[in-house]
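Asks: Contents of start37.cif (mmCIF, C-alpha atoms) are below:
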data_my_file
loop_
_atom_site.label_atom_id
_atom_site.label_comp_id
_atom_site.auth_asym_id
_atom_site.auth_seq_id
_atom_site.Cartn_x
_atom_site.Cartn_y
_atom_site.Cartn_z
CA MET A 1 -82.83 87.18 -21.25
CA SER A 2 -84.13 88.56 -24.55
CA GLU A 3 -83.35 86.93 -27.88
CA ALA A 4 -79.77 87.37 -29.07
CA VAL A 5 -81.05 88.00 -32.61
CA ILE A 6 -84.56 89.25 -33.29
CA TYR A 7 -86.23 88.15 -36.53
CA ASP A 8 -89.18 90.10 -37.90
CA CYS A 9 -90.74 90.01 -41.37
CA ASN A 10 -93.39 92.48 -42.50
CA ASP A 11 -96.14 91.98 -45.04
CA GLU A 12 -93.96 93.54 -47.77
CA GLY A 13 -91.53 90.64 -47.55
CA ILE A 14 -88.80 92.62 -45.78
CA ALA A 15 -87.17 90.60 -42.99
CA VAL A 16 -85.14 92.41 -40.34
CA LEU A 17 -82.48 90.54 -38.39
CA THR A 18 -81.36 92.54 -35.35
CA ILE A 19 -78.35 91.55 -33.26
CA ASN A 20 -79.71 92.29 -29.81
CA ARG A 21 -76.79 92.50 -27.40
CA PRO A 22 -76.13 96.28 -27.20
CA ASP A 23 -74.50 95.96 -23.77
CA GLN A 24 -71.87 93.75 -25.44
CA ARG A 25 -71.63 96.05 -28.48
CA ASN A 26 -73.43 93.29 -30.40
CA CYS A 27 -70.23 91.25 -30.56
CA LEU A 28 -70.21 87.84 -32.23
CA SER A 29 -70.31 85.67 -29.12
CA ARG A 30 -71.23 82.00 -29.40
CA GLU A 31 -74.79 82.88 -28.43
CA VAL A 32 -75.05 85.53 -31.17
CA ARG A 33 -73.39 83.31 -33.77
CA GLU A 34 -75.86 80.49 -33.14
CA ALA A 35 -78.81 82.89 -33.17
CA LEU A 36 -77.62 84.50 -36.40
CA ARG A 37 -77.24 81.12 -38.06
CA ALA A 38 -80.81 80.23 -37.07
CA ALA A 39 -82.15 83.62 -38.19
CA TRP A 40 -80.51 83.39 -41.62
CA ALA A 41 -81.92 79.87 -42.06
CA ARG A 42 -85.34 81.13 -41.09
CA PHE A 43 -85.08 83.92 -43.66
CA GLU A 44 -84.04 81.54 -46.43
CA ASN A 45 -86.91 79.16 -45.65
CA ASP A 46 -89.53 81.87 -45.11
CA ASP A 47 -91.60 82.02 -48.30
CA GLY A 48 -92.94 85.40 -47.24
CA ALA A 49 -89.47 86.93 -46.90
CA ARG A 50 -87.99 88.35 -50.10
CA ILE A 51 -85.12 90.49 -48.83
CA ALA A 52 -83.32 90.79 -45.48
CA ILE A 53 -81.85 93.70 -43.54
CA LEU A 54 -79.15 92.95 -40.96
CA THR A 55 -78.68 95.52 -38.20
CA GLY A 56 -77.69 95.91 -34.56
CA SER A 57 -79.64 97.20 -31.59
CA GLY A 58 -78.68 100.42 -29.85
CA ASP A 59 -76.98 103.45 -31.36
CA LYS A 60 -73.31 102.74 -30.61
CA ALA A 61 -72.46 99.53 -32.42
CA PHE A 62 -73.69 97.57 -35.40
CA CYS A 63 -71.28 94.82 -34.34
CA ALA A 64 -67.91 95.26 -32.64
CA GLY A 65 -66.56 91.95 -33.97
CA GLY A 66 -65.65 88.68 -32.34
CA ASP A 67 -65.81 88.08 -28.61
CA LEU A 68 -62.16 88.50 -27.59
CA LYS A 69 -62.80 87.23 -24.05
CA GLU A 70 -64.24 84.04 -25.50
CA MET A 71 -61.21 83.67 -27.77
CA VAL A 72 -58.91 83.90 -24.76
CA GLU A 73 -60.99 81.43 -22.74
CA THR A 74 -61.08 78.88 -25.57
CA GLY A 75 -57.52 79.46 -26.75
CA LEU A 76 -58.83 80.01 -30.27
CA LYS A 77 -56.19 79.80 -32.98
CA THR A 78 -57.38 79.50 -36.59
CA PRO A 79 -61.17 79.97 -36.62
CA PRO A 80 -63.08 77.22 -38.45
CA ARG A 81 -64.41 78.46 -41.80
CA ASP A 82 -67.97 78.03 -40.54
CA MET A 83 -67.44 79.65 -37.13
CA PHE A 84 -69.05 82.94 -38.11
CA PRO A 85 -72.34 82.86 -40.09
CA MET A 86 -71.48 84.48 -43.42
CA PRO A 87 -74.23 85.06 -46.01
CA TYR A 88 -73.40 83.43 -49.37
CA GLU A 89 -70.08 82.03 -48.10
CA ASN A 90 -70.85 79.37 -45.49
CA LEU A 91 -74.60 80.01 -45.49
CA ARG A 92 -76.75 79.20 -48.49
CA LEU A 93 -78.90 82.20 -49.32
CA THR A 94 -80.77 82.82 -52.56
CA LYS A 95 -82.26 86.21 -51.72
CA PRO A 96 -80.74 89.71 -51.52
CA THR A 97 -79.49 91.24 -48.27
CA ILE A 98 -78.73 94.72 -46.93
CA ALA A 99 -76.57 95.72 -43.96
CA ALA A 100 -77.95 98.67 -41.97
CA VAL A 101 -74.88 99.87 -40.07
CA ASN A 102 -75.98 102.04 -37.17
CA GLY A 103 -72.67 102.37 -35.30
CA ALA A 104 -69.26 100.71 -35.07
CA ALA A 105 -68.64 97.86 -37.54
CA PHE A 106 -65.24 96.55 -36.50
CA ALA A 107 -63.45 93.32 -37.43
CA GLY A 108 -66.20 90.69 -37.56
CA GLY A 109 -68.74 93.52 -37.72
CA TRP A 110 -67.15 94.74 -40.95
CA MET A 111 -67.05 91.11 -42.09
CA ILE A 112 -70.79 90.50 -41.80
CA ALA A 113 -71.64 93.92 -43.29
CA GLN A 114 -69.30 93.19 -46.21
CA ALA A 115 -70.99 89.82 -46.77
CA CYS A 116 -74.36 91.48 -47.46
CA ASP A 117 -75.19 92.59 -51.00
CA LEU A 118 -75.79 96.24 -50.13
CA CYS A 119 -74.87 98.51 -47.24
CA VAL A 120 -76.45 101.57 -45.67
CA ALA A 121 -74.70 103.47 -42.87
CA SER A 122 -75.53 106.30 -40.51
CA ASN A 123 -73.18 109.29 -40.51
CA ASN A 124 -71.87 108.39 -37.07
CA ALA A 125 -70.92 104.83 -38.06
CA GLN A 126 -67.33 103.68 -38.30
CA PHE A 127 -65.78 100.77 -40.16
CA GLY A 128 -62.53 99.07 -39.23
CA ILE A 129 -60.61 95.87 -39.95
CA THR A 130 -58.78 96.02 -36.65
CA GLU A 131 -57.32 92.52 -36.46
CA VAL A 132 -53.65 93.59 -36.74
CA ARG A 133 -54.07 95.50 -33.48
CA VAL A 134 -54.89 92.35 -31.53
CA GLY A 135 -52.72 89.84 -33.39
CA ARG A 136 -55.57 88.22 -35.26
CA GLY A 137 -56.26 87.99 -39.02
CA SER A 138 -58.79 88.95 -41.68
CA PRO A 139 -58.66 86.37 -44.49
CA TRP A 140 -62.38 86.97 -44.96
CA SER A 141 -61.54 90.44 -46.33
CA ALA A 142 -60.24 89.00 -49.63
CA PRO A 143 -63.45 89.86 -51.58
CA LEU A 144 -62.83 93.53 -50.79
CA ILE A 145 -60.50 93.66 -53.79
CA HIS A 146 -63.66 93.59 -55.93
CA MET A 147 -65.28 96.39 -53.90
CA ILE A 148 -62.63 99.03 -53.19
CA PRO A 149 -59.27 100.08 -54.70
CA GLN A 150 -56.21 98.00 -53.82
CA ARG A 151 -54.20 100.80 -52.17
CA ILE A 152 -57.11 101.70 -49.91
CA TYR A 153 -57.73 98.05 -49.05
CA MET A 154 -54.04 97.69 -48.22
CA GLU A 155 -54.02 100.69 -45.88
CA ILE A 156 -57.14 99.54 -44.07
CA VAL A 157 -55.81 96.07 -43.27
CA LEU A 158 -52.20 97.12 -42.57
CA THR A 159 -53.01 99.93 -40.14
CA GLY A 160 -56.19 98.61 -38.54
CA LYS A 161 -57.31 102.22 -38.33
CA PRO A 162 -61.10 102.74 -38.57
CA ILE A 163 -62.62 104.89 -41.30
CA SER A 164 -65.70 107.09 -41.10
CA ALA A 165 -69.00 106.29 -42.77
CA ALA A 166 -68.36 109.18 -45.15
CA ARG A 167 -65.03 107.66 -46.18
CA ALA A 168 -66.65 104.23 -46.56
CA TYR A 169 -69.21 105.82 -48.90
CA GLU A 170 -66.48 107.65 -50.79
CA ILE A 171 -64.53 104.46 -51.54
CA GLY A 172 -67.63 102.50 -52.55
CA LEU A 173 -68.09 100.25 -49.51
CA VAL A 174 -71.37 101.92 -48.53
CA ASN A 175 -74.29 102.52 -50.89
CA ARG A 176 -76.16 105.19 -48.95
CA LEU A 177 -75.56 107.46 -45.96
CA CYS A 178 -78.20 108.67 -43.54
CA GLU A 179 -78.64 110.58 -40.31
CA PRO A 180 -78.04 108.79 -36.98
CA GLY A 181 -81.02 106.67 -36.06
CA GLU A 182 -82.19 106.40 -39.67
CA ALA A 183 -80.14 103.39 -40.85
CA LEU A 184 -82.99 100.90 -40.65
CA ALA A 185 -85.48 103.27 -42.29
CA THR A 186 -83.03 104.03 -45.10
CA ALA A 187 -82.29 100.34 -45.61
CA THR A 188 -86.02 99.63 -45.70
CA GLU A 189 -86.46 102.27 -48.40
CA LEU A 190 -83.67 100.64 -50.41
CA ALA A 191 -85.24 97.23 -49.87
CA ARG A 192 -88.54 98.50 -51.28
CA GLU A 193 -86.71 99.76 -54.38
CA VAL A 194 -85.21 96.30 -54.90
CA LEU A 195 -88.58 94.63 -54.36
CA SER A 196 -90.22 96.88 -56.95
CA GLY A 197 -88.37 94.93 -59.63
CA ALA A 198 -89.46 91.61 -61.09
CA PRO A 199 -88.31 88.84 -58.68
CA LEU A 200 -86.68 86.63 -61.33
CA SER A 201 -84.92 89.60 -62.90
CA VAL A 202 -83.60 90.72 -59.50
CA ALA A 203 -82.30 87.21 -58.79
CA ALA A 204 -80.59 87.01 -62.19
CA ALA A 205 -79.08 90.48 -61.76
CA ARG A 206 -77.64 89.57 -58.38
CA GLU A 207 -76.20 86.33 -59.75
CA THR A 208 -74.63 88.21 -62.65
CA VAL A 209 -72.79 90.55 -60.29
CA MET A 210 -71.41 87.63 -58.30
CA LEU A 211 -70.39 85.69 -61.42
CA SER A 212 -68.61 88.76 -62.76
CA THR A 213 -66.36 88.92 -59.68
CA GLU A 214 -65.23 85.31 -60.17
CA MET A 215 -64.80 84.95 -63.93
CA GLY A 216 -63.02 86.52 -66.86
CA ARG A 217 -65.00 88.77 -69.19
CA SER A 218 -66.02 86.19 -71.81
CA ALA A 219 -66.91 83.48 -69.30
CA ALA A 220 -68.92 85.95 -67.22
CA LEU A 221 -70.89 87.08 -70.28
CA ASP A 222 -71.76 83.50 -71.20
CA ALA A 223 -72.77 82.69 -67.63
CA ALA A 224 -74.82 85.89 -67.32
CA TYR A 225 -76.86 85.11 -70.42
CA ALA A 226 -77.51 81.63 -69.03
CA VAL A 227 -78.75 82.84 -65.63
CA HIS A 228 -81.10 85.33 -67.33
CA GLU A 229 -82.89 82.70 -69.43
CA LYS A 230 -85.45 81.98 -66.72
CA ALA A 231 -86.26 85.68 -66.33
CA TYR A 232 -86.53 86.27 -70.09
CA ASN A 233 -88.93 83.34 -70.49
CA SER A 234 -91.11 84.20 -67.51
CA GLU A 235 -94.63 85.60 -67.39
CA ASP A 236 -93.19 88.69 -65.71
CA ALA A 237 -91.10 89.41 -68.80
CA GLN A 238 -94.37 89.92 -70.67
CA GLU A 239 -96.14 91.67 -67.81
CA GLY A 240 -93.47 94.37 -67.45
CA PRO A 241 -93.66 95.78 -71.01
CA ARG A 242 -97.45 95.37 -70.99
CA ALA A 243 -97.77 97.38 -67.78
CA PHE A 244 -95.46 100.06 -69.16
CA ALA A 245 -97.53 100.34 -72.34
CA GLU A 246 -100.75 100.51 -70.29
CA LYS A 247 -99.22 103.08 -67.92
CA ARG A 248 -99.84 101.04 -64.79
CA LYS A 249 -97.80 99.40 -62.07
CA PRO A 250 -96.73 95.84 -62.99
CA GLN A 251 -98.15 92.93 -61.03
CA TRP A 252 -95.23 90.59 -60.52
CA THR A 253 -95.85 86.89 -59.95
CA GLY A 254 -92.28 85.58 -59.93
CA ARG A 255 -93.21 83.14 -62.68
#
Produce structure tokens that represent the structure in this file.
Replies:
Amino acid sequence: MSEAVIYDCNDEGIAVLTINRPDQRNCLSREVREALRAAWARFENDDGARIAILTGSGDKAFCAGGDLKEMVETGLKTPPRDMFPMPYENLRLTKPTIAAVNGAAFAGGWMIAQACDLCVASNNAQFGITEVRVGRGSPWSAPLIHMIPQRIYMEIVLTGKPISAARAYEIGLVNRLCEPGEALATATELAREVLSGAPLSVAAARETVMLSTEMGRSAALDAAYAVHEKAYNSEDAQEGPRAFAEKRKPQWTGR
């Protein structure tokens, strides 16, 4: 049997993690969960990997959520907090991530797309927090309050009704839309745009966004200035203005 999650990193530093169980709609079975956990660890420890794209194989589902058959067989009640590999929540990651949603992202599929920093979706994709329809729960959706309006969030979790990719873009859940079959290419283009920035500045910018969702205004400002000190005092902070003045592309070193 082929790998449950395929890991590939190109020479640009873009790692692609592909859930590879299209016949199971790329659901989060035990096999996939363990493979995802290993793939995320590999990404974090891969010095050549600077940004990751998470996607699913096939053209029907990014990830259809948890394995309901497995839940019945195991009598699962409250899932352990570390049951599903979640970037930045129960997995330590220090690099940016993008979800390339190429089909249905339901329940746990929405969850892992939401956990990534950025999200690209094909026009035929759908997003749904469908747990109320099967008697389960979505406590993991709490960070959505920082991403989309409260009334919309409320409707999504109360009805369990999926929304289109266009609607997801409209409410701010998705960064970019693309034609079917182009999700990975569009995410790769976005990844290149992120990588064109100075590495330390990108890291500080990402940290600032996350701090701002967890703190009040004054505390977030103080924390943001602190996390930018390393970037301001780096060699790249001198290289950027110099390259601009010399009308050339900057050569980032990450130092």
Asks: Report as a ChimeraX atom specification all protein, DNA and RNA residues lying within 12 Å of Gly172 in chain A, evaluated on all atoms listed in the file, omitting residues in the same chain fewer than 5 positions from it.
Replies: /A:114,118-120,144-149,152-153,165-167,177
Asks: Residues picked by the PyMOL selection byres ((chain A and resi 162) around 9) here, as JSON, numbers by chain?
Replies: {"A": [106, 126, 127, 128, 129, 130, 156, 159, 160, 161, 163, 164]}
Asks: Written as a PyMOL selection string, which residues does the PyMOL selection byres ((chain A and resi 96) around 6) give for the file shown?
Replies: chain A and resi 51+95+97
Asks: So which residues get picked by the PyMOL selection byres ((chain A and resi 68) around 12) here, written as a ChimeraX atom specification?
Replies: /A:24,27-30,64-67,69-77,107-108,131,134-136
Asks: Taking into account all atoms listed in the file, which residue in the set A:Gln251, A:Gln238, A:Thr94, A:Thr188 is nearest to Arg206 in chain A?
Replies: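 Closest candidate: A:Thr94.
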Asks: In Å, with one decimal, what is the gap from CA of Ala49 in chain A to CA of Gly181 in chain A?
Replies: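 So the two atoms, CA of Ala49 in chain A and CA of Gly181 in chain A, lie 24.1 Å apart.
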Asks: Between CA of Asn102 in chain A and CA of Ala61 in chain A, what is the distance in Å, rounded to a tenth?
Replies: 6.4 Å
Asks: Out of A:Val5, A:Ala168, A:Val209, A:Val194, which residue has the shortest atom-to-atom distance to Leu54 in chain A when counting only C-alpha atoms?
Replies: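 With only C-alpha atoms as the atom set, the closest residue is A:Val5.
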Asks: My list of candidates is A:Pro143, A:Arg92, A:Asn26, A:Cys63. Which is closest to Arg42 in chain A when distances are computed with only C-alpha atoms?
Replies: A:Arg92
Asks: Identify the residues within 12 Å of coordinate (-75.3, 98.8, -39.3) (same frame as the file), considering only C-alpha atoms, and give the answer as a ChimeraX atom specification.
Replies: /A:16-19,25-26,53-64,98-106,109-114,116,118-127,165,174,176-178,180-187
Asks: Can you measure CA of Met215 in chain A to CA of His228 in chain A for me? One decimal in Å is fine.
Replies: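 CA of Met215 in chain A sits 16.7 Å away from CA of His228 in chain A.
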Asks: Name the closest residue to Asp46 in chain A among the candidates A:Glu235, A:Arg81, A:Val32, A:Asn10; distances are taken between atoms, counting only C-alpha atoms.
Replies: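 Closest candidate: A:Asn10.
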Asks: Rank A:Ala115, A:Ala52, A:Ala231, A:Ala35 by their smallest atom-to-atom distance to Arg192 in chain A, using all atoms listed in the file, and report the top residue only.
Replies: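 Of the candidates, the smallest distance to Arg192 in chain A is held by A:Ala52.
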Asks: May I ask which of the residues A:Gln150, A:Ser234, A:Asn175, A:Thr253 is the closest one to Ser196 in chain A, counting all atoms listed in the file?
Replies: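 Comparing A:Gln150, A:Ser234, A:Asn175, A:Thr253 against Ser196 in chain A, the winner is A:Thr253.
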Asks: Using all atoms listed in the file, which residues sit within 9 Å of Ser2 in chain A once same-chain residues fewer than 4 positions away are excluded, as a PyMOL selection string?
Replies: chain A and resi 6+20-21
Asks: If we count all atoms listed in the file and set the cut-off at 10 Å, which residues sit around Ala205 in chain A, ignoring sequence neighbours fewer than 3 positions away in its own chain? Please answer as JSON, numbers by chain.
Replies: {"A": [199, 200, 201, 202, 208, 209, 210, 211, 224, 227, 228, 231]}
Asks: Pick out the residues sitting within 8 Å of Trp40 in chain A, and hand them over as a list of chain:residue names; count all atoms listed in the file, and ignore anything fewer than 4 positions along from it in its own chain.
Replies: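 So the residues in contact are A:Leu36, A:Glu44, A:Pro87, A:Leu91, A:Leu93.
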Asks: Please complete range 98-132 of chain A with N, CA and C atoms and give it back as a short mmCIF file (atom, residue, chain, number, x, y, z; two decimals), in the coordinates of the input.
Replies:
data_model
loop_
_atom_site.label_atom_id
_atom_site.label_comp_id
_atom_site.auth_asym_id
_atom_site.auth_seq_id
_atom_site.Cartn_x
_atom_site.Cartn_y
_atom_site.Cartn_z
N ILE A 98 -79.23 93.36 -47.15
CA ILE A 98 -78.73 94.72 -46.93
C ILE A 98 -78.23 94.82 -45.50
N ALA A 99 -77.06 95.42 -45.30
CA ALA A 99 -76.57 95.72 -43.96
C ALA A 99 -76.97 97.14 -43.62
N ALA A 100 -77.60 97.34 -42.46
CA ALA A 100 -77.95 98.67 -41.97
C ALA A 100 -77.03 98.96 -40.80
N VAL A 101 -75.93 99.65 -41.07
CA VAL A 101 -74.88 99.87 -40.07
C VAL A 101 -75.18 101.14 -39.28
N ASN A 102 -75.51 100.96 -38.02
CA ASN A 102 -75.98 102.04 -37.17
C ASN A 102 -74.94 102.49 -36.14
N GLY A 103 -73.71 102.01 -36.25
CA GLY A 103 -72.67 102.37 -35.30
C GLY A 103 -71.37 101.72 -35.73
N ALA A 104 -70.55 101.31 -34.77
CA ALA A 104 -69.26 100.71 -35.07
C ALA A 104 -69.43 99.34 -35.75
N ALA A 105 -68.70 99.15 -36.84
CA ALA A 105 -68.64 97.86 -37.54
C ALA A 105 -67.16 97.51 -37.63
N PHE A 106 -66.66 96.86 -36.59
CA PHE A 106 -65.24 96.55 -36.50
C PHE A 106 -65.00 95.06 -36.66
N ALA A 107 -63.87 94.73 -37.30
CA ALA A 107 -63.45 93.32 -37.43
C ALA A 107 -64.61 92.46 -37.94
N GLY A 108 -65.10 91.54 -37.13
CA GLY A 108 -66.20 90.69 -37.56
C GLY A 108 -67.45 91.46 -37.92
N GLY A 109 -67.60 92.66 -37.36
CA GLY A 109 -68.74 93.52 -37.72
C GLY A 109 -68.62 94.00 -39.15
N TRP A 110 -67.39 94.40 -39.54
CA TRP A 110 -67.15 94.74 -40.95
C TRP A 110 -67.40 93.51 -41.80
N MET A 111 -66.94 92.36 -41.34
CA MET A 111 -67.05 91.11 -42.09
C MET A 111 -68.50 90.80 -42.46
N ILE A 112 -69.41 90.88 -41.50
CA ILE A 112 -70.79 90.50 -41.80
C ILE A 112 -71.51 91.59 -42.60
N ALA A 113 -71.08 92.85 -42.45
CA ALA A 113 -71.64 93.92 -43.29
C ALA A 113 -71.16 93.74 -44.73
N GLN A 114 -69.89 93.41 -44.89
CA GLN A 114 -69.30 93.19 -46.21
C GLN A 114 -69.98 92.03 -46.92
N ALA A 115 -70.39 91.02 -46.18
CA ALA A 115 -70.99 89.82 -46.77
C ALA A 115 -72.36 90.10 -47.38
N CYS A 116 -73.04 91.14 -46.91
CA CYS A 116 -74.36 91.48 -47.46
C CYS A 116 -74.20 92.12 -48.84
N ASP A 117 -75.24 92.06 -49.63
CA ASP A 117 -75.19 92.59 -51.00
C ASP A 117 -75.06 94.10 -51.04
N LEU A 118 -75.75 94.78 -50.16
CA LEU A 118 -75.79 96.24 -50.13
C LEU A 118 -75.54 96.73 -48.71
N CYS A 119 -75.17 97.99 -48.58
CA CYS A 119 -74.87 98.51 -47.24
C CYS A 119 -75.30 99.96 -47.11
N VAL A 120 -76.03 100.23 -46.04
CA VAL A 120 -76.45 101.57 -45.67
C VAL A 120 -75.79 101.89 -44.33
N ALA A 121 -75.35 103.13 -44.14
CA ALA A 121 -74.70 103.47 -42.87
C ALA A 121 -75.12 104.85 -42.40
N SER A 122 -75.26 104.99 -41.09
CA SER A 122 -75.53 106.30 -40.51
C SER A 122 -74.24 107.10 -40.47
N ASN A 123 -74.36 108.41 -40.45
CA ASN A 123 -73.18 109.29 -40.51
C ASN A 123 -72.22 109.09 -39.35
N ASN A 124 -72.72 108.58 -38.24
CA ASN A 124 -71.87 108.39 -37.07
C ASN A 124 -71.26 106.99 -37.01
N ALA A 125 -71.48 106.19 -38.03
CA ALA A 125 -70.92 104.83 -38.06
C ALA A 125 -69.43 104.89 -38.37
N GLN A 126 -68.73 103.84 -37.96
CA GLN A 126 -67.33 103.68 -38.30
C GLN A 126 -67.09 102.25 -38.74
N PHE A 127 -66.14 102.08 -39.65
CA PHE A 127 -65.78 100.77 -40.16
C PHE A 127 -64.29 100.54 -39.91
N GLY A 128 -63.94 99.34 -39.45
CA GLY A 128 -62.53 99.07 -39.23
C GLY A 128 -62.22 97.58 -39.29
N ILE A 129 -61.13 97.24 -39.98
CA ILE A 129 -60.61 95.87 -39.95
C ILE A 129 -59.42 95.95 -38.99
N THR A 130 -59.71 95.71 -37.74
CA THR A 130 -58.78 96.02 -36.65
C THR A 130 -57.93 94.84 -36.18
N GLU A 131 -57.97 93.74 -36.92
CA GLU A 131 -57.32 92.52 -36.46
C GLU A 131 -55.81 92.67 -36.17
N VAL A 132 -55.11 93.46 -36.96
CA VAL A 132 -53.65 93.59 -36.74
C VAL A 132 -53.35 94.17 -35.37
#
